[in-house]
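J.: One structure is given below, represented as structure tokens, and several questions about it will come after.
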Amino acid sequence: MDFTEHDSLAEFRKAATAWADEHVDPAWVDLEHTTGTHHNPELHALLGAQGLLGAGWPAQYGGTDVDPAYALAVFQEIGARGLRMDGWVTTEMVARTILHVATEEAKQEIVPAALRGEVVIVLGYTEPGSGSDVAAAKMRAVRDGDEWVVNGSKMFTSTAHMATHVFLLTRTNTEVSKHKGLTLLLARLDDPGVEVQPVHTLGGQRTNATFYSDVRVPDTLRIGDVDGGWGVMRVALVHERGTATAPGGPTLVEQVAAWARSAPGADGAPLLDDPTVAEQLARLAIDEEVGRLLGLKVRWVASTGGMPGIEGSMQKLHSSEAEQRRVDVLTDLLGEQALLAGDAGPLHGAVEWALRKAPVSTIYGGSSEVMREIVAERRLGLPRSRPIG
Ligand SMILES: Cc1cc2nc3c(=O)[nH]c(=O)nc-3n(C[C@H](O)[C@H](O)[C@H](O)COP(=O)(O)OP(=O)(O)OC[C@H]3O[C@@H](n4cnc5c(N)ncnc54)[C@H](O)[C@@H]3O)c2cc1C
């Protein structure tokens with residue numbers, strides 16, 4: 001395994017910090033927390049205009065000559081300042097899937113515009129009646145000449161209120177088994193038949209319920225074969241679980257350790273002088289390091305042309321569960337201070353925010369149970385634990 005990508009980031013850290021100093025408005029973090037929207041259109045447009053979104057992509061589809069390591073350093077710096085880029089994360093997943101499976105026409109229509117920051121794509125897989133069992137989707141798409149007519153609803157369509165397109169998992173054939181009758185379509189969210197309703201979550205994130213009534217999608221924006229949607233989903237889900245970028249800068253545990261160096265414990269001495277506190281923080285730091293290494297493994301498999309399916313599931317499972325262990329320990333450590341939000345709490349409320357976010361992260365992008373099944377079956381060769389649908 002090769003960690004040089006990580007090393008090469010070091011030389012861009014200064015430039016990335018300077019970029020963020022110049023362009024990132026600190027008020028955007030408060031805006032993200034108050035709205036629950038993890039996408040900033042101004043920042044997204046700027047990243048597109050400056051070629052950062054297109055770094056490392058093929059030139060014929062709008063790739064730029066910006067160094068991908070520099071772009072990654074900038075993205076990590078943005079993350080370290082407390083901003084999420086979910087609009088780009090989902091757009092990137094779908095754009096990568098399009099490059100794998102779509103027609104040349106769809107690639108040319110969507111990918112360059114996505115890399116310029118003009119097209120923002122969100123994921124429309126989950127429905128009110130199907131989440132983990134994503135292949136049970138019921139949304140209907142019926143062919144009408146050169147178009148598809150879509151009816152149905154989706155649940156948890158995050159960032160749909162800020163995006164241009166939604167990547168819809170639809171049912172195009174009801175006569176075959178559930179995995180065989182699916183087709184992926186890229187619908188416009190400004191279609192008059194689309195309705196977006198907000199859903200606010202415990203973690204503070206605003207997501208959406210979306211409703212589709214006779215929404216028309218040209219066949220040119222069908223992504224993959226008719227009824228071949230399950231194969232497309234297998235590609236798309238690998239990109240979802242495997243390619244998230246960890247933010248740069250100090251981790252939450254490192255920040256808490258720095259804080260505990262001077263914050264007084266019950267006896268008035270710094271908290272970190274207590275060996276049990278130091279041991280707990282060390283265990284959490286090890287958890288974070290394992291997560292970082294699993295993330296690097298994913299990136300390494302992807303960068304060598306592989307599909308990091310199992311590696312992505314392992315990383316997603318470990319990191320989201322480690323996040324929960326982390327908030328449990330930090331809550332014990334900080335006591336009631338862990339519940340103080342914003343500037344009232346230590347580290348500007350970072351622990352309180354993490355506390356609300358942690359339960360959600362083991363659900364979206366595939367729940368822990370489902371990730372365990374993937375690792376058990378595909379990595380360890382254990383028998384299937386559920387009926388084949
Ligand atoms: C904040 C947030 C944002 C999201 N954003 C999006 C988005 O942008 N687009 C999108 O399409 N979806 C999105 N989702 C949906 C997410 O992917 C689903 O919530 C997830 O797949 C779980 O589906 P579900 O909620 O229907 O739960 P269910 O599938 O009903 O699961 C309920 C419980 O049963 C367990 N379970 C289910 N199947 C099995 C099994 N085979 N074996 C063992 N246990 C099992 C699960 O682990 C879970 O504990 C989001 C969810 C959240 C919370």
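Each chain in the structure tokens gets a letter, A, B and so on, in the order shown; residues start at 1 in every chain, and ligands are counted from 1 in the order they appear.
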With only C-alpha atoms counted and 10 Å as the cut-off, give the residues of region 24-60 of chain A in contact with region 85-90 of chain A, each with its shortest interatomic distance in Å and the pair that gives it, as a Markdown table.

T.:
```
| residue | atom | partner | partner_atom | distance |
| --- | --- | --- | --- | --- |
| A:Thr37 | CA | A:Asp86 | CA | 8.7 |
| A:His38 | CA | A:Asp86 | CA | 5.6 |
| A:His39 | CA | A:Met85 | CA | 5.2 |
| A:Asn40 | CA | A:Met85 | CA | 7.3 |
| A:Pro41 | CA | A:Gly87 | CA | 8.6 |
| A:Leu43 | CA | A:Met85 | CA | 8.9 |
| A:His44 | CA | A:Trp88 | CA | 7.4 |
| A:Leu47 | CA | A:Trp88 | CA | 9.8 |
| A:Gly48 | CA | A:Trp88 | CA | 9.8 |
| A:Leu53 | CA | A:Trp88 | CA | 8.1 |
```

J.: I'd like the neighbourhood of Glu369 (chain A) as a PyMOL selection string, where a residue qualifies if any of its atoms comes within 12 Å (using only C-alpha atoms), though same-chain residues fewer than 5 positions away should be ignored.

T.: chain A and resi 132-133+313-314+316-318+320-321+362-364+374-376+385-386

J.: Quick check, in Å to one decimal: how far apart do CA of Ser367 (chain A) and atom 46 (C, counted along the ligand's line) of ligand 1 lie?

T.: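 Spanning CA of Ser367 (chain A) to atom 46 (C, counted along the ligand's line) of ligand 1 is a straight-line distance of 5.5 Å.
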
J.: Distance limit 7 Å, reference ligand 1, atoms considered: only C-alpha atoms and all ligand atoms. Which residues make the cut? Give them as a PyMOL selection string.

T.: chain A and resi 122-126+128-133+155-159+201+205+207+360+363-370+373+386

J.: Just C-alpha atoms for this one: save the residues we selected as an mmCIF file, in the first residue's frame.

T.:
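Okay, result_27.cif is ready:
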```
data_model
loop_
_atom_site.group_PDB
_atom_site.id
_atom_site.type_symbol
_atom_site.label_atom_id
_atom_site.label_comp_id
_atom_site.auth_asym_id
_atom_site.auth_seq_id
_atom_site.Cartn_x
_atom_site.Cartn_y
_atom_site.Cartn_z
ATOM 1 C CA VAL A 122 -28.521 14.606 -5.211
ATOM 2 C CA LEU A 123 -29.428 10.985 -4.505
ATOM 3 C CA GLY A 124 -32.987 9.723 -4.848
ATOM 4 C CA TYR A 125 -32.729 6.084 -3.766
ATOM 5 C CA THR A 126 -34.597 5.798 -0.452
ATOM 6 C CA PRO A 128 -40.900 5.845 2.443
ATOM 7 C CA GLY A 129 -41.135 2.031 2.195
ATOM 8 C CA SER A 130 -37.571 1.069 1.244
ATOM 9 C CA GLY A 131 -34.216 2.124 2.664
ATOM 10 C CA SER A 132 -31.695 -0.638 3.357
ATOM 11 C CA ASP A 133 -33.587 -2.817 0.909
ATOM 12 C CA MET A 155 -37.500 10.024 1.357
ATOM 13 C CA PHE A 156 -34.295 11.653 2.699
ATOM 14 C CA THR A 157 -33.416 13.396 -0.585
ATOM 15 C CA SER A 158 -30.709 15.460 1.107
ATOM 16 C CA THR A 159 -29.751 18.822 -0.478
ATOM 17 C CA THR A 201 -33.197 15.499 11.707
ATOM 18 C CA GLN A 205 -29.207 18.223 9.134
ATOM 19 C CA THR A 207 -32.995 16.625 4.468
ATOM 20 C CA VAL A 360 -27.444 9.356 12.335
ATOM 21 C CA ILE A 363 -27.813 4.904 9.261
ATOM 22 C CA TYR A 364 -27.268 6.928 6.095
ATOM 23 C CA GLY A 365 -25.161 5.565 3.283
ATOM 24 C CA GLY A 366 -25.990 2.035 4.475
ATOM 25 C CA SER A 367 -26.663 1.066 8.103
ATOM 26 C CA SER A 368 -24.133 -0.757 10.307
ATOM 27 C CA GLU A 369 -26.099 -4.004 10.104
ATOM 28 C CA VAL A 370 -26.022 -3.903 6.318
ATOM 29 C CA GLU A 373 -23.496 -8.282 6.256
ATOM 30 C CA ARG A 386 -31.323 -12.989 4.618
#
```

J.: List every residue of region 231-327 of chain A that has an atom at most 9 Å from any atom of region 95-118 of chain A, and for each one report the closest atom pair and its distance in Å to one decimal, counting only C-alpha atoms, with rows sorted by chain and then by increasing residue number, as CSV.

T.:
```
residue,atom,partner,partner_atom,distance
A:Val232,CA,A:Val101,CA,7.0
A:Met233,CA,A:Thr97,CA,8.7
A:Val235,CA,A:Thr97,CA,6.3
A:Ala236,CA,A:Thr97,CA,5.6
A:His239,CA,A:Arg96,CA,7.5
```

J.: Mind writing the picked residues with all heavy atoms as an mmCIF file, in the first residue's frame?

T.:
```cif
data_model
loop_
_atom_site.group_PDB
_atom_site.id
_atom_site.type_symbol
_atom_site.label_atom_id
_atom_site.label_comp_id
_atom_site.auth_asym_id
_atom_site.auth_seq_id
_atom_site.Cartn_x
_atom_site.Cartn_y
_atom_site.Cartn_z
ATOM 1 N N VAL A 232 -26.002 -0.566 -12.048
ATOM 2 C CA VAL A 232 -25.591 0.841 -11.879
ATOM 3 C C VAL A 232 -25.489 1.169 -10.387
ATOM 4 O O VAL A 232 -24.537 1.821 -9.939
ATOM 5 C CB VAL A 232 -26.619 1.780 -12.570
ATOM 6 C CG1 VAL A 232 -26.224 3.238 -12.378
ATOM 7 C CG2 VAL A 232 -26.750 1.442 -14.044
ATOM 8 N N MET A 233 -26.459 0.678 -9.613
ATOM 9 C CA MET A 233 -26.450 0.949 -8.173
ATOM 10 C C MET A 233 -25.204 0.358 -7.502
ATOM 11 O O MET A 233 -24.660 0.940 -6.566
ATOM 12 C CB MET A 233 -27.697 0.361 -7.508
ATOM 13 C CG MET A 233 -28.956 1.161 -7.725
ATOM 14 S SD MET A 233 -28.836 2.839 -7.102
ATOM 15 C CE MET A 233 -28.836 2.575 -5.347
ATOM 16 N N VAL A 235 -22.293 0.131 -8.713
ATOM 17 C CA VAL A 235 -21.200 1.086 -8.946
ATOM 18 C C VAL A 235 -21.401 2.320 -8.071
ATOM 19 O O VAL A 235 -20.493 2.791 -7.376
ATOM 20 C CB VAL A 235 -21.156 1.503 -10.448
ATOM 21 C CG1 VAL A 235 -20.097 2.562 -10.678
ATOM 22 C CG2 VAL A 235 -20.921 0.281 -11.335
ATOM 23 N N ALA A 236 -22.645 2.845 -8.072
ATOM 24 C CA ALA A 236 -22.931 4.094 -7.347
ATOM 25 C C ALA A 236 -22.708 3.929 -5.845
ATOM 26 O O ALA A 236 -22.168 4.828 -5.187
ATOM 27 C CB ALA A 236 -24.367 4.533 -7.631
ATOM 28 N N HIS A 239 -19.128 4.119 -4.854
ATOM 29 C CA HIS A 239 -18.648 5.510 -4.795
ATOM 30 C C HIS A 239 -19.170 6.209 -3.537
ATOM 31 O O HIS A 239 -18.497 7.053 -2.968
ATOM 32 C CB HIS A 239 -19.069 6.276 -6.051
ATOM 33 C CG HIS A 239 -18.297 5.851 -7.266
ATOM 34 N ND1 HIS A 239 -16.930 5.841 -7.296
ATOM 35 C CD2 HIS A 239 -18.694 5.383 -8.461
ATOM 36 C CE1 HIS A 239 -16.521 5.405 -8.467
ATOM 37 N NE2 HIS A 239 -17.570 5.119 -9.201
#
```

J.: Can you pull out every residue within 9 Å of region 253-267 of chain A, counting only C-alpha atoms, but drop anything in the same chain fewer than 3 positions away, and send it as a PyMOL selection string?

T.: chain A and resi 250+270-274+277-278+281-282+284-285+288+326+330+346-347+351

J.: What are the closest atom pairs, with distances in Å to one decimal, for each residue of region 75-165 of chain A lying within 8 Å of region 172-183 of chain A, using only C-alpha atoms, rows by chain and rising residue number, as a Markdown table?

T.:
```
| residue | atom | partner | partner_atom | distance |
| --- | --- | --- | --- | --- |
| A:Ala135 | CA | A:His179 | CA | 5.6 |
| A:Ala136 | CA | A:Lys178 | CA | 6.1 |
| A:Arg140 | CA | A:Thr172 | CA | 6.3 |
| A:Ala141 | CA | A:Thr172 | CA | 5.3 |
| A:Val142 | CA | A:Thr172 | CA | 6.3 |
```

J.: Export C-alpha atoms of the chosen residues as a PDB file, in the first residue's frame?

T.:
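To be explicit, this is the file written out as result_10.pdb:
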```pdb
ATOM      1  CA  ALA A 135     -33.882  -2.631  -4.615  1.00  0.00           C
ATOM      2  CA  ALA A 136     -37.494  -2.656  -3.365  1.00  0.00           C
ATOM      3  CA  ARG A 140     -42.633   4.137 -11.413  1.00  0.00           C
ATOM      4  CA  ALA A 141     -41.054   5.281 -14.673  1.00  0.00           C
ATOM      5  CA  VAL A 142     -42.962   4.578 -17.888  1.00  0.00           C
TER       6      VAL A 142
END
```

J.: If you run DSSP on this backbone, which residues of region 20-58 of chain A come out as alpha helix (DSSP H), and could you give them as a CSV table (one decimal) with all heavy atoms, in the first residue's frame?

T.:
```csv
chain,number,residue,atom,x,y,z
A,20,ALA,N,-8.3,29.3,1.8
A,20,ALA,CA,-9.5,29.3,2.7
A,20,ALA,C,-9.6,30.6,3.4
A,20,ALA,O,-10.7,31.2,3.6
A,20,ALA,CB,-9.5,28.1,3.7
A,21,ASP,N,-8.4,31.2,3.8
A,21,ASP,CA,-8.4,32.5,4.5
A,21,ASP,C,-9.0,33.5,3.6
A,21,ASP,O,-9.8,34.4,4.0
A,21,ASP,CB,-7.0,33.0,4.8
A,21,ASP,CG,-6.4,32.2,6.0
A,21,ASP,OD1,-7.2,31.6,6.8
A,21,ASP,OD2,-5.2,32.2,6.2
A,22,GLU,N,-8.7,33.4,2.3
A,22,GLU,CA,-9.2,34.5,1.4
A,22,GLU,C,-10.7,34.3,1.0
A,22,GLU,O,-11.4,35.2,0.9
A,22,GLU,CB,-8.4,34.4,0.1
A,22,GLU,CG,-8.7,35.5,-0.9
A,22,GLU,CD,-7.9,35.4,-2.2
A,22,GLU,OE1,-6.9,34.7,-2.3
A,22,GLU,OE2,-8.3,36.2,-3.2
A,23,HIS,N,-11.1,33.0,0.9
A,23,HIS,CA,-12.4,32.8,0.3
A,23,HIS,C,-13.5,32.3,1.2
A,23,HIS,O,-14.7,32.4,0.9
A,23,HIS,CB,-12.3,31.8,-0.9
A,23,HIS,CG,-11.5,32.2,-2.0
A,23,HIS,ND1,-11.8,33.3,-2.8
A,23,HIS,CD2,-10.3,31.8,-2.4
A,23,HIS,CE1,-10.9,33.5,-3.7
A,23,HIS,NE2,-9.9,32.6,-3.5
A,27,ALA,N,-18.8,33.1,8.7
A,27,ALA,CA,-20.2,33.1,9.0
A,27,ALA,C,-20.9,31.9,8.3
A,27,ALA,O,-22.1,31.6,8.7
A,27,ALA,CB,-20.8,34.4,8.5
A,28,TRP,N,-20.3,31.3,7.3
A,28,TRP,CA,-21.0,30.2,6.6
A,28,TRP,C,-21.2,29.0,7.6
A,28,TRP,O,-22.1,28.2,7.4
A,28,TRP,CB,-20.1,29.7,5.4
A,28,TRP,CG,-20.2,30.7,4.3
A,28,TRP,CD1,-21.1,31.7,4.1
A,28,TRP,CD2,-19.3,30.7,3.2
A,28,TRP,NE1,-20.8,32.4,2.9
A,28,TRP,CE2,-19.7,31.8,2.3
A,28,TRP,CE3,-18.2,30.0,2.8
A,28,TRP,CZ2,-19.0,32.1,1.1
A,28,TRP,CZ3,-17.5,30.3,1.6
A,28,TRP,CH2,-18.0,31.3,0.8
A,29,VAL,N,-20.3,28.9,8.6
A,29,VAL,CA,-20.4,27.7,9.5
A,29,VAL,C,-21.7,27.9,10.3
A,29,VAL,O,-22.5,26.9,10.5
A,29,VAL,CB,-19.2,27.6,10.4
A,29,VAL,CG1,-19.3,26.5,11.4
A,29,VAL,CG2,-17.9,27.4,9.6
A,30,ASP,N,-22.0,29.1,10.8
A,30,ASP,CA,-23.2,29.3,11.6
A,30,ASP,C,-24.4,29.1,10.7
A,30,ASP,O,-25.4,28.5,11.1
A,30,ASP,CB,-23.2,30.8,12.1
A,30,ASP,CG,-22.5,30.9,13.4
A,30,ASP,OD1,-22.2,29.8,14.0
A,30,ASP,OD2,-22.2,32.0,13.8
A,31,LEU,N,-24.3,29.6,9.5
A,31,LEU,CA,-25.4,29.4,8.5
A,31,LEU,C,-25.7,27.9,8.3
A,31,LEU,O,-26.9,27.5,8.3
A,31,LEU,CB,-25.0,30.0,7.2
A,31,LEU,CG,-26.1,30.1,6.1
A,31,LEU,CD1,-27.1,31.1,6.5
A,31,LEU,CD2,-25.5,30.5,4.8
A,32,GLU,N,-24.6,27.1,8.2
A,32,GLU,CA,-24.8,25.7,8.0
A,32,GLU,C,-25.5,25.1,9.2
A,32,GLU,O,-26.4,24.2,9.1
A,32,GLU,CB,-23.5,25.0,7.8
A,32,GLU,CG,-23.6,23.5,7.5
A,32,GLU,CD,-22.2,22.9,7.1
A,32,GLU,OE1,-21.5,23.4,6.2
A,32,GLU,OE2,-21.9,21.9,7.7
A,33,HIS,N,-25.1,25.5,10.4
A,33,HIS,CA,-25.7,25.0,11.6
A,33,HIS,C,-27.2,25.4,11.8
A,33,HIS,O,-28.0,24.6,12.2
A,33,HIS,CB,-24.9,25.3,12.9
A,33,HIS,CG,-23.6,24.5,13.0
A,33,HIS,ND1,-23.0,24.2,14.2
A,33,HIS,CD2,-22.9,23.9,12.1
A,33,HIS,CE1,-22.0,23.5,14.0
A,33,HIS,NE2,-21.9,23.3,12.7
A,34,THR,N,-27.5,26.7,11.5
A,34,THR,CA,-28.8,27.1,11.7
A,34,THR,C,-29.8,26.6,10.6
A,34,THR,O,-30.9,26.3,10.9
A,34,THR,CB,-29.0,28.7,11.7
A,34,THR,OG1,-28.3,29.2,10.6
A,34,THR,CG2,-28.4,29.2,13.0
A,35,THR,N,-29.3,26.4,9.4
A,35,THR,CA,-30.2,25.9,8.3
A,35,THR,C,-30.2,24.4,8.2
A,35,THR,O,-31.2,23.8,7.7
A,35,THR,CB,-29.8,26.5,6.9
A,35,THR,OG1,-28.5,26.0,6.7
A,35,THR,CG2,-29.9,28.0,6.9
A,41,PRO,N,-23.9,27.3,-1.8
A,41,PRO,CA,-23.9,27.5,-3.2
A,41,PRO,C,-22.7,28.5,-3.7
A,41,PRO,O,-22.1,28.3,-4.7
A,41,PRO,CB,-25.2,28.2,-3.5
A,41,PRO,CG,-26.1,28.0,-2.3
A,41,PRO,CD,-25.2,27.7,-1.2
A,42,GLU,N,-22.5,29.5,-2.8
A,42,GLU,CA,-21.4,30.4,-3.2
A,42,GLU,C,-20.0,29.7,-3.2
A,42,GLU,O,-19.3,29.9,-4.2
A,42,GLU,CB,-21.4,31.5,-2.1
A,42,GLU,CG,-20.9,32.9,-2.6
A,42,GLU,CD,-21.0,33.9,-1.5
A,42,GLU,OE1,-22.0,33.9,-0.7
A,42,GLU,OE2,-20.0,34.7,-1.3
A,43,LEU,N,-19.8,29.0,-2.2
A,43,LEU,CA,-18.5,28.2,-2.1
A,43,LEU,C,-18.4,27.2,-3.3
A,43,LEU,O,-17.4,27.1,-3.9
A,43,LEU,CB,-18.4,27.5,-0.8
A,43,LEU,CG,-17.2,26.6,-0.5
A,43,LEU,CD1,-15.9,27.4,-0.6
A,43,LEU,CD2,-17.4,25.9,0.8
A,44,HIS,N,-19.5,26.5,-3.5
A,44,HIS,CA,-19.5,25.5,-4.6
A,44,HIS,C,-19.2,26.1,-5.9
A,44,HIS,O,-18.4,25.6,-6.7
A,44,HIS,CB,-20.9,24.8,-4.6
A,44,HIS,CG,-21.0,23.7,-5.5
A,44,HIS,ND1,-20.6,22.4,-5.1
A,44,HIS,CD2,-21.4,23.6,-6.8
A,44,HIS,CE1,-20.8,21.6,-6.1
A,44,HIS,NE2,-21.3,22.2,-7.2
A,45,ALA,N,-19.9,27.3,-6.2
A,45,ALA,CA,-19.7,27.9,-7.5
A,45,ALA,C,-18.2,28.4,-7.7
A,45,ALA,O,-17.6,28.3,-8.7
A,45,ALA,CB,-20.6,29.1,-7.6
A,46,LEU,N,-17.7,28.9,-6.6
A,46,LEU,CA,-16.3,29.3,-6.6
A,46,LEU,C,-15.3,28.2,-6.9
A,46,LEU,O,-14.4,28.3,-7.7
A,46,LEU,CB,-15.9,30.0,-5.3
A,46,LEU,CG,-14.6,30.7,-5.2
A,46,LEU,CD1,-14.6,31.9,-6.1
A,46,LEU,CD2,-14.4,31.1,-3.7
A,47,LEU,N,-15.6,27.0,-6.2
A,47,LEU,CA,-14.7,25.9,-6.4
A,47,LEU,C,-14.8,25.4,-7.9
A,47,LEU,O,-13.8,25.0,-8.5
A,47,LEU,CB,-15.1,24.7,-5.5
A,47,LEU,CG,-14.8,25.0,-4.0
A,47,LEU,CD1,-15.6,24.0,-3.1
A,47,LEU,CD2,-13.3,24.9,-3.7
A,48,GLY,N,-16.0,25.5,-8.4
A,48,GLY,CA,-16.2,25.1,-9.8
A,48,GLY,C,-15.5,26.1,-10.8
A,48,GLY,O,-14.7,25.6,-11.6
A,49,ALA,N,-15.7,27.3,-10.5
A,49,ALA,CA,-15.1,28.4,-11.4
A,49,ALA,C,-13.6,28.3,-11.4
A,49,ALA,O,-12.9,28.6,-12.4
A,49,ALA,CB,-15.6,29.7,-11.0
```

J.: Considering only C-alpha atoms, state which residue in the set A:Ile310, A:Leu186, A:Ala350, A:Ala15 is at the smallest distance from Leu380 (chain A).

T.: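 Of the candidates, the smallest distance to Leu380 (chain A) is held by A:Ile310.
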
J.: Enter the distance from CA of Pro218 (chain A) to CA of Arg206 (chain A), in Å, rounded to one decimal.

T.: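 About the pair CA of Pro218 (chain A) and CA of Arg206 (chain A): they are 29.5 Å apart.
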
J.: So that I can check the surroundings of region 352-357 of chain A, please list as a ChimeraX atom specification every protein, DNA and RNA residue that reaches within 6 Å of it, counting only C-alpha atoms and ignoring chain neighbours fewer than 6 positions away.

T.: /A:203,327,338-339,341

J.: Save out the residues we just selected, N, CA and C atoms, as a compact mmCIF listing (two decimals), in the first residue's frame.

T.:
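So the final result, stored in selection.txt, reads:
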```txt
# COMPACT_ATOMS: atom_id res chain seq x y z
N GLY A 203 -29.71 15.10 14.07
CA GLY A 203 -28.33 15.54 13.87
C GLY A 203 -28.22 16.98 13.41
N VAL A 327 -18.33 9.93 21.02
CA VAL A 327 -19.21 10.86 21.73
C VAL A 327 -19.62 10.31 23.10
N ALA A 338 -20.83 18.89 27.83
CA ALA A 338 -20.97 18.28 26.50
C ALA A 338 -22.29 18.65 25.83
N LEU A 339 -23.25 19.07 26.67
CA LEU A 339 -24.57 19.36 26.12
C LEU A 339 -24.74 20.83 25.74
N ALA A 341 -24.48 23.98 23.53
CA ALA A 341 -24.33 24.22 22.10
C ALA A 341 -23.63 25.54 21.82
```

J.: Figure out the distance between CA of Arg188 (chain A) and CA of Ala160 (chain A), please, to one decimal in Å.

T.: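 CA of Ala160 (chain A) sits 10.3 Å away from CA of Arg188 (chain A).
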